[in-house]
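Input: a single structure, listed below in structure tokens.
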Amino acid sequence: MAHVLVVDDDEPIRDALRALLEDAGHTVDEAPGGAPALDRLKRSGGGMVVLLDINMPGTDGIQVMRAVSEQKPLALRHAYIIMTATARTLPLAFVNQLAEMRAPIVTKPFDADELLDAVDRAAHRVS
């Protein structure tokens with residue numbers, strides 16, 4: 001099972017994801033935004049699967065992924081899954097970055113089975 005970091009500014013969404021992931025046997029941490037998520041990723045000694053919301057106040061998911069891509073240890077240690085309701089309007093450069101990092105996009109509202117499958121696939125990439 002994976003260690004999952006849920007990054008979303010919406011507390012009810014974090015709560016729902018925690019319940020779903022813990023029921024599936026995963027260990028879950030939470031971050032209410034991009035800045036605390038980056039701090040947690042930098043301090044983590046082991047790899048995590050990161051469920052990252054795109055639209056958040058302050059440091060958003062795009063900024064987090066930009067910072068991660070500039071710090072190879074963060075890009076390689078963790079596996080990222082992007083959660084968004086606006087997948088069709090993401091900037092092309094960002095979509096290309098996600099493809100390079102093998103970071104899938106899960107659309108909100110998410111299908112529980114699809115999300116769990118994405119977490120399981122990402123867990124195999126965590127170093």
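Chain labels run A, B, ... following the order of the structure tokens; each chain numbers its residues from 1, and ligands are numbered from 1 in the order shown.
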
message: Just want the 8 Å neighbourhood of A:Asp53, counted on only C-alpha atoms, with same-chain residues fewer than 2 positions away dropped. Output as a PyMOL selection string.
response: chain A and resi 7-9+51+55-56+60-61+82-84

Would you give me, as a PDB file with C-alpha atoms, in the first residue's frame, the residues in chain A that DSSP reads as helix (DSSP H, G or I)?
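Written file, result-v1.pdb:
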ATOM      1  CA  GLU A  11     -11.538  20.209   3.587  1.00  0.00           C
ATOM      2  CA  PRO A  12     -14.592  18.048   2.723  1.00  0.00           C
ATOM      3  CA  ILE A  13     -12.766  16.758  -0.359  1.00  0.00           C
ATOM      4  CA  ARG A  14      -9.676  15.980   1.727  1.00  0.00           C
ATOM      5  CA  ASP A  15     -11.883  14.172   4.257  1.00  0.00           C
ATOM      6  CA  ALA A  16     -13.600  12.114   1.548  1.00  0.00           C
ATOM      7  CA  LEU A  17     -10.290  11.208  -0.086  1.00  0.00           C
ATOM      8  CA  ARG A  18      -8.786  10.250   3.282  1.00  0.00           C
ATOM      9  CA  ALA A  19     -11.715   7.914   4.020  1.00  0.00           C
ATOM     10  CA  LEU A  20     -11.572   6.321   0.550  1.00  0.00           C
ATOM     11  CA  LEU A  21      -7.807   5.839   0.605  1.00  0.00           C
ATOM     12  CA  GLU A  22      -7.615   4.572   4.181  1.00  0.00           C
ATOM     13  CA  ASP A  23     -10.430   2.097   3.467  1.00  0.00           C
ATOM     14  CA  GLY A  34       0.556  24.081  -2.364  1.00  0.00           C
ATOM     15  CA  ALA A  35       3.062  25.730  -0.015  1.00  0.00           C
ATOM     16  CA  PRO A  36       2.550  23.258   2.855  1.00  0.00           C
ATOM     17  CA  ALA A  37       2.587  20.414   0.321  1.00  0.00           C
ATOM     18  CA  LEU A  38       5.984  21.486  -1.045  1.00  0.00           C
ATOM     19  CA  ASP A  39       7.329  21.706   2.492  1.00  0.00           C
ATOM     20  CA  ARG A  40       6.043  18.193   3.254  1.00  0.00           C
ATOM     21  CA  LEU A  41       7.508  16.798   0.008  1.00  0.00           C
ATOM     22  CA  LYS A  42      10.918  18.329   0.741  1.00  0.00           C
ATOM     23  CA  ARG A  43      10.961  16.931   4.298  1.00  0.00           C
ATOM     24  CA  GLY A  61      -1.082  22.896  -8.340  1.00  0.00           C
ATOM     25  CA  ILE A  62       0.587  24.243 -11.478  1.00  0.00           C
ATOM     26  CA  GLN A  63       3.080  26.181  -9.344  1.00  0.00           C
ATOM     27  CA  VAL A  64       3.719  23.083  -7.225  1.00  0.00           C
ATOM     28  CA  MET A  65       4.459  20.997 -10.303  1.00  0.00           C
ATOM     29  CA  ARG A  66       6.722  23.727 -11.704  1.00  0.00           C
ATOM     30  CA  ALA A  67       8.694  23.750  -8.427  1.00  0.00           C
ATOM     31  CA  VAL A  68       8.830  19.950  -8.366  1.00  0.00           C
ATOM     32  CA  SER A  69      10.118  19.753 -11.934  1.00  0.00           C
ATOM     33  CA  LYS A  72      14.871  16.531  -9.546  1.00  0.00           C
ATOM     34  CA  PRO A  73      14.847  14.721  -6.166  1.00  0.00           C
ATOM     35  CA  LEU A  74      11.216  15.766  -5.639  1.00  0.00           C
ATOM     36  CA  ALA A  75      10.283  14.799  -9.184  1.00  0.00           C
ATOM     37  CA  LEU A  76      11.895  11.373  -8.869  1.00  0.00           C
ATOM     38  CA  ARG A  77      11.044  10.480  -5.246  1.00  0.00           C
ATOM     39  CA  ALA A  87      -8.793  19.344 -17.498  1.00  0.00           C
ATOM     40  CA  ARG A  88      -9.793  20.751 -20.890  1.00  0.00           C
ATOM     41  CA  THR A  89      -8.409  24.214 -20.132  1.00  0.00           C
ATOM     42  CA  LEU A  92      -0.305  22.985 -23.175  1.00  0.00           C
ATOM     43  CA  ALA A  93       3.134  23.414 -21.581  1.00  0.00           C
ATOM     44  CA  PHE A  94       1.720  22.103 -18.299  1.00  0.00           C
ATOM     45  CA  VAL A  95       0.074  19.122 -20.007  1.00  0.00           C
ATOM     46  CA  ASN A  96       3.416  18.321 -21.666  1.00  0.00           C
ATOM     47  CA  GLN A  97       5.158  18.553 -18.281  1.00  0.00           C
ATOM     48  CA  LEU A  98       2.626  16.135 -16.802  1.00  0.00           C
ATOM     49  CA  ALA A  99       3.255  13.692 -19.651  1.00  0.00           C
ATOM     50  CA  GLU A 100       7.014  13.855 -19.064  1.00  0.00           C
ATOM     51  CA  ALA A 112     -13.582   6.192  -6.763  1.00  0.00           C
ATOM     52  CA  ASP A 113     -12.395   3.151  -8.719  1.00  0.00           C
ATOM     53  CA  GLU A 114     -10.570   5.301 -11.287  1.00  0.00           C
ATOM     54  CA  LEU A 115      -8.850   7.247  -8.517  1.00  0.00           C
ATOM     55  CA  LEU A 116      -7.808   4.107  -6.630  1.00  0.00           C
ATOM     56  CA  ASP A 117      -6.473   2.581  -9.861  1.00  0.00           C
ATOM     57  CA  ALA A 118      -4.419   5.733 -10.501  1.00  0.00           C
ATOM     58  CA  VAL A 119      -3.037   5.604  -6.943  1.00  0.00           C
ATOM     59  CA  ASP A 120      -2.104   1.935  -7.337  1.00  0.00           C
ATOM     60  CA  ARG A 121      -0.316   2.598 -10.648  1.00  0.00           C
ATOM     61  CA  ALA A 122       1.498   5.612  -9.168  1.00  0.00           C
ATOM     62  CA  ALA A 123       2.544   3.614  -6.095  1.00  0.00           C
TER      63      ALA A 123
END

message: Give me, as a PyMOL selection string, the residues of chain A that a backbone DSSP run labels strand (DSSP E or B).
response: chain A and resi 3-7+27-31+49-53+79-84+105-107

Among the residues A:Met101, A:Ala79, A:Val50, A:Val106, the one that comes closest to A:Leu5 [using only C-alpha atoms]: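 The shortest atom-to-atom distance to A:Leu5 comes from A:Val50.
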
message: I'd like the interatomic distance between atom CA of A:Glu30 and atom CA of A:Leu90, to a tenth of an Å.
response: 24.1 Å

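Between atom CA of A:Gly45 and atom CA of A:His78 the interatomic distance comes to 10.3 Å.
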
query: Closest to A:Ala103 among A:Ala24, A:Ala85, A:Val126, A:Ala2, using only C-alpha atoms?
result: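 Among the listed residues, the smallest separation from A:Ala103 belongs to A:Val126.
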
query: Any idea what the distance is between atom CA of A:Met1 and atom CA of A:Gly46?
result: 13.4 Å

task: Counting only C-alpha atoms, figure out which residue out of A:Ile81, A:His3, A:Gln71, A:His26 gets nearest to A:Ser44.
output: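 Nearest candidate to A:Ser44 out of A:Ile81, A:His3, A:Gln71, A:His26: A:His3.
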
message: I need the residue nearest A:His124 from this list: A:Leu52, A:Gly58, A:Tyr80, A:Pro32. Use only C-alpha atoms for the distance.
response: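 Nearest to A:His124: A:Tyr80.
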